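To keep things clear, I will list the structure first and then write my remarks on it.
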Protein chains: 6
Amino acid sequence: MVLFSGSANEALARAVADRLGTTLAARVLERFPDGELRVEVNASVRGQRVYVVQPTQPPAESHVFELLLLGDACRRAGAARLTAVVPYFGYARQDRRATGRGPIAARVAADVIATAGFDAVMVVDLHSRATEGFFSVPLEHLSAVTLLAEAIRSRAHEGSVLVAPDLGAAKLADRYSRILDIPVATVHKRRVSGGEVTVRQLVGDVAGKTPLIVDDMLSTGGTVVAAARALLDAGATPDITVVVTHGLFSPPASQALRDLPITKFLTTDSVPQAHTGLPVQVVSIAPLLAEVIRRHAHDESLGDLLSHE
Amino acid sequence: MVLFSGSANEALARAVADRLGTTLAARVLERFPDGELRVEVNASVRGQRVYVVQPTQPPAESHVFELLLLGDACRRAGAARLTAVVPYFGYARQDRRATGRGPIAARVAADVIATAGFDAVMVVDLHSRATEGFFSVPLEHLSAVTLLAEAIRSRAHEGSVLVAPDLGAAKLADRYSRILDIPVATVHKRRVSGGEVTVRQLVGDVAGKTPLIVDDMLSTGGTVVAAARALLDAGATPDITVVVTHGLFSPPASQALRDLPITKFLTTDSVPQAHTGLPVQVVSIAPLLAEVIRRHAHDESLGDLLSHE
Amino acid sequence: MVLFSGSANEALARAVADRLGTTLAARVLERFPDGELRVEVNASVRGQRVYVVQPTQPPAESHVFELLLLGDACRRAGAARLTAVVPYFGYARQDRRATGRGPIAARVAADVIATAGFDAVMVVDLHSRATEGFFSVPLEHLSAVTLLAEAIRSRAHEGSVLVAPDLGAAKLADRYSRILDIPVATVHKRRVSGGEVTVRQLVGDVAGKTPLIVDDMLSTGGTVVAAARALLDAGATPDITVVVTHGLFSPPASQALRDLPITKFLTTDSVPQAHTGLPVQVVSIAPLLAEVIRRHAHDESLGDLLSHE
Amino acid sequence: MVLFSGSANEALARAVADRLGTTLAARVLERFPDGELRVEVNASVRGQRVYVVQPTQPPAESHVFELLLLGDACRRAGAARLTAVVPYFGYARQDRRATGRGPIAARVAADVIATAGFDAVMVVDLHSRATEGFFSVPLEHLSAVTLLAEAIRSRAHEGSVLVAPDLGAAKLADRYSRILDIPVATVHKRRVSGGEVTVRQLVGDVAGKTPLIVDDMLSTGGTVVAAARALLDAGATPDITVVVTHGLFSPPASQALRDLPITKFLTTDSVPQAHTGLPVQVVSIAPLLAEVIRRHAHDESLGDLLSHE
Amino acid sequence: MVLFSGSANEALARAVADRLGTTLAARVLERFPDGELRVEVNASVRGQRVYVVQPTQPPAESHVFELLLLGDACRRAGAARLTAVVPYFGYARQDRRATGRGPIAARVAADVIATAGFDAVMVVDLHSRATEGFFSVPLEHLSAVTLLAEAIRSRAHEGSVLVAPDLGAAKLADRYSRILDIPVATVHKRRVSGGEVTVRQLVGDVAGKTPLIVDDMLSTGGTVVAAARALLDAGATPDITVVVTHGLFSPPASQALRDLPITKFLTTDSVPQAHTGLPVQVVSIAPLLAEVIRRHAHDESLGDLLSHE
Amino acid sequence: MVLFSGSANEALARAVADRLGTTLAARVLERFPDGELRVEVNASVRGQRVYVVQPTQPPAESHVFELLLLGDACRRAGAARLTAVVPYFGYARQDRRATGRGPIAARVAADVIATAGFDAVMVVDLHSRATEGFFSVPLEHLSAVTLLAEAIRSRAHEGSVLVAPDLGAAKLADRYSRILDIPVATVHKRRVSGGEVTVRQLVGDVAGKTPLIVDDMLSTGGTVVAAARALLDAGATPDITVVVTHGLFSPPASQALRDLPITKFLTTDSVPQAHTGLPVQVVSIAPLLAEVIRRHAHDESLGDLLSHE
């Protein structure tokens with residue numbers, strides 16, 4: 001097994017390598033003076049099972065392209081099987097044509113990865129399960145839910161309530177609920193009349209409870225902010241925990257989040273965590289990825305590590 | 001333009017042909033004594049834009065196979081462009097791996113249609129928008145919502161409430177809401193604790209209101225039955241209307257539905273409507289399909305006829 | 001090696017597993033209430049060579065679709081190599097366009113199997129050798145002729161004659177002849193004039209001889225019935241043996257066959273043998289399939305087990 | 001429409017162009033000093049329907065390669081639709097694996113034509129109908145039987161008999177029989193015992209009759225020679241006519257054929273006819289090809305011109 | 001015909017539209033707050049020939065991805081034919097594996113464009129002609145040489161000499177020479193011994209002559225700087241003109257270039273020209289692109305506009 | 001590992017087999033009486049890594065076709081991985097469209113090899129490095145330069161000069177220079193004015209030096225002859241050595257070469273060496289191919305054996 005890292009999250013890749021008792025294979029990944037990427041693989045991959053770790057958070061295009069060039073290099077150098085390990089799969093939210101004449105960007109991203117010669121792809125907590133069907137190559141859909149749930153177990157007591165900040169997160173909240181054995185509430189955007197006026201309504205009891213908001217990702221934080229406000233309006237305890245697999249914290253995110261009584265953000269290192277000034281705690285998915293890669297490389301069953309709901 | 005029908009819904013295909021001022025092209029579609037399908041196209045398709053109307057309700061496999069054989073026959077006979085018109089796309093609900101080792105059946109169905117040589121596909125109200133991304137060929141995603149909304153306008157008054165019987169139908173209910181200008185309620189399955197115990201909770205006011213339950217399809221009716229009961233428990237008026245694009249009414253459906261105060265089922269002829277003893281009113285999508293096919297065949301914009309939400 | 005069975009012939013698959021000293025891998029194969037197939041693979045196939053046993057006799061479409069879904073499930077679950085074992089390959093007789101505008105159904109069947117991800121296919125006694133060329137993936141063409149010939153050796157004596165009931169079976173009869181060392185006669189449909197009038201003429205001596213009619217398959221039995229009558233007219237002994245690899249015995253078959261002095265039907269279990277009231281003796285191809293699969297899984301030469309003539 | 005000719009049969013291509021009232025488009029087709037082909041297209045093909053006439057008789061490899069290079073040149077130069085007109089399709093007889101480890105050469109030939117970018121293929125009287133299924137692109141299977149039958153009508157009288165020189169030609173003889181309204185006899189190679197000893201037996205009455213031997217092609221003439229001898233042994237009149245679509249007359253052919261009482265060979269110009277010293281009469285298929293190309297280029301139905309039996 | 005522009009060079013695309021007497025079709029091209037591209041096509045493309053103008057200068061990855069998303073959007077919206085107009089094709093210089101384990105980045109770029117559904121590609125003055133063979137779809141290779149040569153004709157007199165700054169530009173200099181009828185000199189990097197020591201040697205007379213350095217592109221300018229120094233050392237007149245199709249002027253470029261007696265840089269608008277402080281004169285390729293697109297859209301021959309040497 | 005040879009260079013293949021301590025696998029490679037190739041593989045390849053040695057010198061089409069048929073045979077017989085070893089890759093010089101409407105013949109050759117099922121290709125000293133990008137499958141680009149350089153070391157002394165006979169050979173000469181540590185001169189065809197008049201000019205000192213002309217191939221020898229004359233005109237010692245990887249010596253080659261003071265031609269056995277009457281010394285590449293195949297078959301790194309410049 002040979003493990004490469006793109007530039008998108010070398011710390012994670014290194015942690016995975018450590019857990020596997022190996023080191024990242026040497027490669028060059030730089031830019032020519034005119035700005036074009038220059039990629040070179042400096043380890044023999046002939047006949048090897050090769051894994052390239054590269055989440056595709058913004059700048060997604062560059063990260064995707066690095067992945068394609070690394071893949072092409074390994075394929076032409078004789079890699080036996082080529083797996084893209086993409087903990088955060090960028091463009092995943094663009095999984096449908098927003099209008100009749102938009103692209104399906106997630107499908108484009110899936111297609112170009114296959115074009116570059118990858119035989120398999122690993123992702124963590126896709127925004128939508130149906131995106132699996134965009135891939136022609138086998139996709140291993142992993143989940144950080146178990147890891148994150150364990151990490152907040154100490155904060156989850158009988159006065160807690162899991163909160164899905166929108167309908168898309170409802171199933172995710174159920175999964176946390178089954179592990180932590182605490183009830184779920186969902187923030188429901190409801191159209192009052194046929195116009196564009198919507199109100200946020202909470203489904204489930206939150207008054208006097210300590211909310212644990214869970215979602216697959218936090219980008220600008222708009223959804224979490226709105227949910228937090230709805231929770232406070234509904235009488236929830238102003239001690240909110242936010243749990244997301246992918247903590248992108250895109251620039252406008254921090255200020256609005258800082259103004260709310262969110263005492264902890266729990267996320268993973270699927271993308272690198274810059275300093276945001278927020279109380280972020282990071283749970284590493286390196287052990288998960290390492291175990292999955294180890295089994296995958298040895299053709300062992302991944303059964304219990306995959307995400308199915 | 002040449003229009004063929006498979007055997008899955010000849011009445012609909014004929015109605016489409018009528019609206020287009022044409023007739024269905026001749027074809028043989030029978031079975032050999034040993035049970036194998038025998039297909040023959042008896043019209044010249046050379047250089048033509050060919051449309052094959054064939055929903056794939058159960059027995060879905062036979063309906064899909066007919067479609068494949070008709071497609072192969074037309075392609076080999078020189079059709080210029082081949083479009084599968086699949087008003088009800090079977091296997092659409094199997095859009096993800098139910099477990100780590102299941103198939104993605106909707107992708108398989110999409111793939112075999114492309115394998116048979118179809119250049120484009122038309123569907124009506126897919127179960128999940130993301131399924132669009134399973135198709136490599138262009139997909140025209142049509143909607144019967146406007147037609148159905150108009151058909152229930154007389155039943156939609158200020159005492160009415162649109163009801164999404166589960167979270168998956170919430171966006172659909174919003175679309176009806178924007179047309180009919182009445183509020184929305186959603187039946188929310190809520191996990192009380194971490195166990196398997198769930199309760200149905202209504203989001204939105206339904207007490208004393210007349211419910212219009214909307215969904216993309218009704219198969220065995222389980223979801224509608226549960227929703228109806230929740231509505232009645234919540235004090236809704238026992239005069240329920242059920243509106244679904246695809247009315248499959250699979251065998252166990254009728255009895256449970258008959259026991260409830262559902263005064264009207266509104267559906268389309270996307271699949272043939274057998275006599276069920278239920279108060280079913282059918283709105284034909286033939287005019288919609290005819291208009292879409294006409295424009296498609298003449299390379300006119302479909303913009304306003306497509307489903308985007 | 002992992003061995004699955006579809007629902008088309010579980011008894012055969014089980015017999016193959018027995019011979020291989022293994023058991024069939026667990027899978028779910030049922031129908032949802034609305035009639036759609038539900039498939040789930042319940043064994044780890046990661047990195048394994050997987051074999052799916054599924055003849056595609058009628059209802060061929062369902063059997064094909066099961067095969068596709070099992071294939072897709074195994075491929076997505078990481079099977080290293082996926083082989084479809086299709087002892088009876090349905091639609092094989094539709095290997096040409098019956099008219100200028102028919103499909104080539106056998107090619108469609110071959111293509112969809114490849115689309116689902118199968119890397120190799122095994123079949124037994126295809127109706128026409130040329131169908132091998134329809135497959136882009138390697139095809140192992142096996143034959144039950146040796147097994148069947150041995151099974152009738154006791155009935156093949158110097159007074160016997162092998163009979164090809166039509167020209168298509170002439171080469172098959174030659175193969176039996178080489179094994180059993182008895183002469184061949186062929187029933188030849190001859191056009192007397194340019195019209196549609198044909199007579200059946202026997203090529204070879206049959207008067208006073210005991211006929212062994214051989215063919216690749218028996219479906220409705222029409223060809224065998226006509227041949228048997230021609231044989232009797234030509235003075236053959238009214239003690240006829242019929243030997244076919246694939247005994248489909250499609251419904252209208254039995255009565256006409258029962259009225260003739262056919263004392264034994266010898267066939268294989270390539271498709272399940274229902275009770276027909278006819279004197280059918282079944283020779284199992286399970287040992288053949290088991291040996292082929294064993295060697296295939298171990299990359300041993302199949303040379304002497306393949307059909308080449 | 002733009003019509004090109006390879007070097008395999010320029011006379012035929014020119015005759016086709018004449019019938020279409022056009023001229024062959026200019027192209028360079030020569031060899032570099034080192035022997036490599038040099039191809040250049042000297043006419044604008046952008047947006048045109050392009051037809052390349054090139055039978056692939058031996059040296060088949062060179063003829064195929066010319067076709068590929070002409071196709072690639074036209075495709076890259078913007079041809080709208082590219083059709084290979086291959087009156088004689090070389091390697092057609094290698095349509096199955098002769099042994100378990102042979103190639104399927106006819107499939108390879110079909111595949112490389114598609115690889116070069118041809119969208120459609122036209123052939124005349126393929127050796128085996130099933131070869132149609134080897135092509136993924138639409139194949140127009142034409143027949144010279146009508147033309148040839150008319151050309152021998154004067155020689156076909158009530159004392160004539162159509163003779164299929166082997167089983168493979170039996171269906172072809174039937175087609176002639178339907179047009180000329182004279183009976184058919186077939187030369188049947190019969191295995192006497194299980195050994196390699198075979199005898200030729202005539203099915204049908206030939207004594208005192210004037211034979212018209214029909215076949216798809218005549219290469220070295222071995223089959224025709226054996227059939228002619230069997231006919232004479234059976235008392236046929238020593239005035240034999242031989243009718244074949246493809247008259248290759250491969251070198252060893254002439255002597256043995258000259259020693260027999262064959263008074264006329266009727267064939268087409270699907271391949272160029274060199275002087276053989278035999279009494280060969282050539283019927284041109286140029287009018288047939290011209291009409292097919294004309295209709296094809298104008299998207300008119302080819303129905304009655306195609307070969308279906 | 002519908003013309004879109006990506007964001008890489010809207011001015012050029014607008015100029016092309018002007019020349020064609022049309023306007024750029026409306027589209028949205030923005031970024032979501034998290035940085036992902038958002039693309040939407042706001043014009044009907046159904047049945048249209050669509051052209052997307054997008055050079056792929058750095059940041060090449062973003063420009064390529066925009067192109068892919070615009071292509072996917074148009075394809076799914078029913079475009080009849082989709083052409084990528086890529087005046088500057090980024091990654092073109094990475095047309096070989098720099099080492100045994102590098103990628104062939106230019107092939108990756110070519111492949112992903114085809115994956116997104118483009119049917120044809122137009123480029124201007126590729127770094128290497130052989131890159132044409134990387135594309136499976138037809139490539140129209142245009143040249144700005146005629147335009148540029150005319151633009152410097154006034155500076156080209158009998159005392160001038162065309163200079164190829166390295167061997168890769170020698171054929172380009174010949175093309176200018178044929179148009180301007182002035183001699184050529186080439187800067188030749190020569191290895192003195194087997195070590196890494198090289199000297200630049202001028203082939204051709206330059207002493208006392210006014211040099212016109214020609215190349216396909218100028219990025220950081222290193223090659224031009226070295227050539228200019230060699231020219232001056234060899235006694236050339238210190239009044240140098242530099243002519244390049246693609247003037248990228250990558251950041252480190254300007255200073256070194258400014259220190260040399262280069263009195264004019266002539267380039268095109270294949271990429272946007274920022275202010276560099278250098279005496280740059282821009283010749284627009286918009287008329288060329290407009291004419292090529294016009295003919296391409298009307299299926300007229302491009303013959304005399306293509307680059308062949 | 002199983003090693004086959006086509007007919008293009010059996011001596012080389014046998015030498016490779018010897019070095020590998022094995023023998024060539026049995027195969028039939030003959031022609032049917034009508035001239036079509038007949039191929040049969042007579043060794044078990046199931047699950048094996050198969051190597052087919054076949055340069056494609058003229059008659060290139062036949063050699064390519066043999067390769068395709070051998071490949072198809074091995075693929076269908078279950079080869080695990082199929083590598084085409086093509087020491088001389090014919091049509092390599094046709095790597096661009098000579099005119100706007102020519103083919104890219106080298107791409108066609110690369111594509112058909114992939115179509116036949118080869119998973120990898122090995123070549124030696126391609127005419128142009130960029131041709132690597134024509135292959136979608138991994139290409140191992142080997143070089144005979146090291147071997148040839150060692151073989152002429154005794155002739156390379158301080159009075160020697162390496163000569164690139166045209167610009168295309170300049171990089172090759174540099175590679176020899178680095179190994180042999182002697183300087184390089186290049187024959188430069190220079191356009192004197194804009195017309196077609198060119199002169200050959202030598203870059204580098206050759207007066208009184210002994211020239212070693214190096215090139216990738218020698219076909220008709222025109223380039224070498226012109227270079228030799230230019231060298232003599234420039235005062236080089238009339239004792240010339242010519243070193244080329246591929247010595248095709250196409251028919252017109254010998255006479256002009258014989259008239260010059262060329263005392264030795266050094267080449268390899270990449271193509272068979274017929275007797276030319278010239279002082280040709282052959283260095284075998286069999287050890288190189290054997291070592292590469294050995295490592296490739298054992299998944300060892302080829303790093304130091306590949307050609308990268």
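Please note that chains go A, B, ... in the order of the structure tokens, that every chain numbers its residues from 1, and that ligands are numbered from 1 in the order shown.
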Checklist entry - Near region 4-7 of chain F, within 8 Å and counting only C-alpha atoms, which residues show up once chain neighbours fewer than 6 positions away are dropped, as a PyMOL selection string? => result chain F and resi 13-14+24-27+29+50-54+63+66-67+70
Keeping only C-alpha atoms, write those residues as a short mmCIF file (atom, residue, chain, number, x, y, z; two decimals), in the first residue's frame.
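Output contents, as saved in again-v2.cif:
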```cif
data_model
loop_
_atom_site.label_atom_id
_atom_site.label_comp_id
_atom_site.auth_asym_id
_atom_site.auth_seq_id
_atom_site.Cartn_x
_atom_site.Cartn_y
_atom_site.Cartn_z
CA ALA F 13 11.23 -12.32 -29.00
CA ARG F 14 13.15 -15.56 -28.74
CA LEU F 24 7.98 -18.43 -26.28
CA ALA F 25 4.46 -19.71 -25.73
CA ALA F 26 3.03 -21.74 -28.58
CA ARG F 27 0.70 -20.03 -31.00
CA LEU F 29 0.07 -17.53 -36.85
CA VAL F 50 0.83 -11.94 -20.90
CA TYR F 51 3.38 -10.10 -23.05
CA VAL F 52 3.12 -10.01 -26.83
CA VAL F 53 6.31 -8.91 -28.61
CA GLN F 54 5.53 -7.31 -31.93
CA HIS F 63 1.84 -6.42 -37.91
CA GLU F 66 -1.59 -9.71 -35.79
CA LEU F 67 -1.09 -7.89 -32.53
CA LEU F 70 -3.25 -12.12 -30.49
#
```
If you count only C-alpha atoms, which residues fall within 9 Å of Ala11 (chain B), apart from same-chain ones fewer than 4 positions away, as an mmCIF file with all heavy atoms, in the first residue's frame?
```cif
data_model
loop_
_atom_site.group_PDB
_atom_site.id
_atom_site.type_symbol
_atom_site.label_atom_id
_atom_site.label_comp_id
_atom_site.auth_asym_id
_atom_site.auth_seq_id
_atom_site.Cartn_x
_atom_site.Cartn_y
_atom_site.Cartn_z
ATOM 1 N N ALA B 15 -53.355 8.931 -26.028
ATOM 2 C CA ALA B 15 -53.844 10.278 -25.742
ATOM 3 C C ALA B 15 -52.794 11.329 -26.116
ATOM 4 O O ALA B 15 -53.120 12.407 -26.617
ATOM 5 C CB ALA B 15 -54.205 10.392 -24.257
ATOM 6 N N VAL B 16 -51.523 11.002 -25.886
ATOM 7 C CA VAL B 16 -50.454 11.927 -26.281
ATOM 8 C C VAL B 16 -50.449 12.092 -27.792
ATOM 9 O O VAL B 16 -50.365 13.209 -28.321
ATOM 10 C CB VAL B 16 -49.084 11.420 -25.781
ATOM 11 C CG1 VAL B 16 -47.944 12.236 -26.397
ATOM 12 C CG2 VAL B 16 -49.015 11.474 -24.258
ATOM 13 N N ASP B 269 -52.631 9.876 -14.907
ATOM 14 C CA ASP B 269 -52.577 8.624 -15.666
ATOM 15 C C ASP B 269 -51.138 8.271 -16.046
ATOM 16 O O ASP B 269 -50.912 7.627 -17.067
ATOM 17 C CB ASP B 269 -53.462 8.719 -16.910
ATOM 18 C CG ASP B 269 -53.161 9.964 -17.741
ATOM 19 O OD1 ASP B 269 -52.300 10.773 -17.314
ATOM 20 O OD2 ASP B 269 -53.784 10.141 -18.794
ATOM 21 N N PRO B 272 -51.424 3.197 -15.606
ATOM 22 C CA PRO B 272 -52.846 2.926 -15.851
ATOM 23 C C PRO B 272 -53.605 2.805 -14.535
ATOM 24 O O PRO B 272 -53.072 2.271 -13.556
ATOM 25 C CB PRO B 272 -52.835 1.587 -16.592
ATOM 26 C CG PRO B 272 -51.432 1.371 -17.033
ATOM 27 C CD PRO B 272 -50.565 2.114 -16.078
#
```
Item to check | Backbone-only DSSP, strand (DSSP E) members of region 36-264 of chain C, as a ChimeraX atom specification | outcome: /C:37-41,49-53,81-86,120-124,139-142,160-164,184-191,198-203,210-218,240-247,262-264
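Proximity of C:Arg229, C:Arg31, C:Ala149, C:Met1 to Val45 (chain C), computed with only C-alpha atoms, is greatest for C:Met1.
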Give me, as CSV, each residue of chain D that comes within 6 Å of chain F, together with its shortest interatomic pair and the distance in Å at one decimal, counting only C-alpha atoms, with rows ordered by chain and rising residue number.
```
residue,atom,partner,partner_atom,distance
D:Asp34,CA,F:Ser250,CA,5.4
D:Gly35,CA,F:Pro58,CA,5.7
D:Glu40,CA,F:Gly102,CA,4.5
D:Val41,CA,F:Arg101,CA,5.2
D:Pro58,CA,F:Gly35,CA,5.7
D:Glu61,CA,F:Ser62,CA,5.5
D:Ser62,CA,F:Glu61,CA,5.5
D:Leu69,CA,F:Pro103,CA,5.7
D:Asp72,CA,F:Pro103,CA,5.1
D:Ala73,CA,F:Pro103,CA,3.9
D:Ala77,CA,F:Arg101,CA,5.4
D:Arg101,CA,F:Val41,CA,5.2
D:Gly102,CA,F:Glu40,CA,4.5
D:Pro103,CA,F:Ala73,CA,3.9
D:Val112,CA,F:Val112,CA,5.9
D:Ser250,CA,F:Asp34,CA,5.3
```
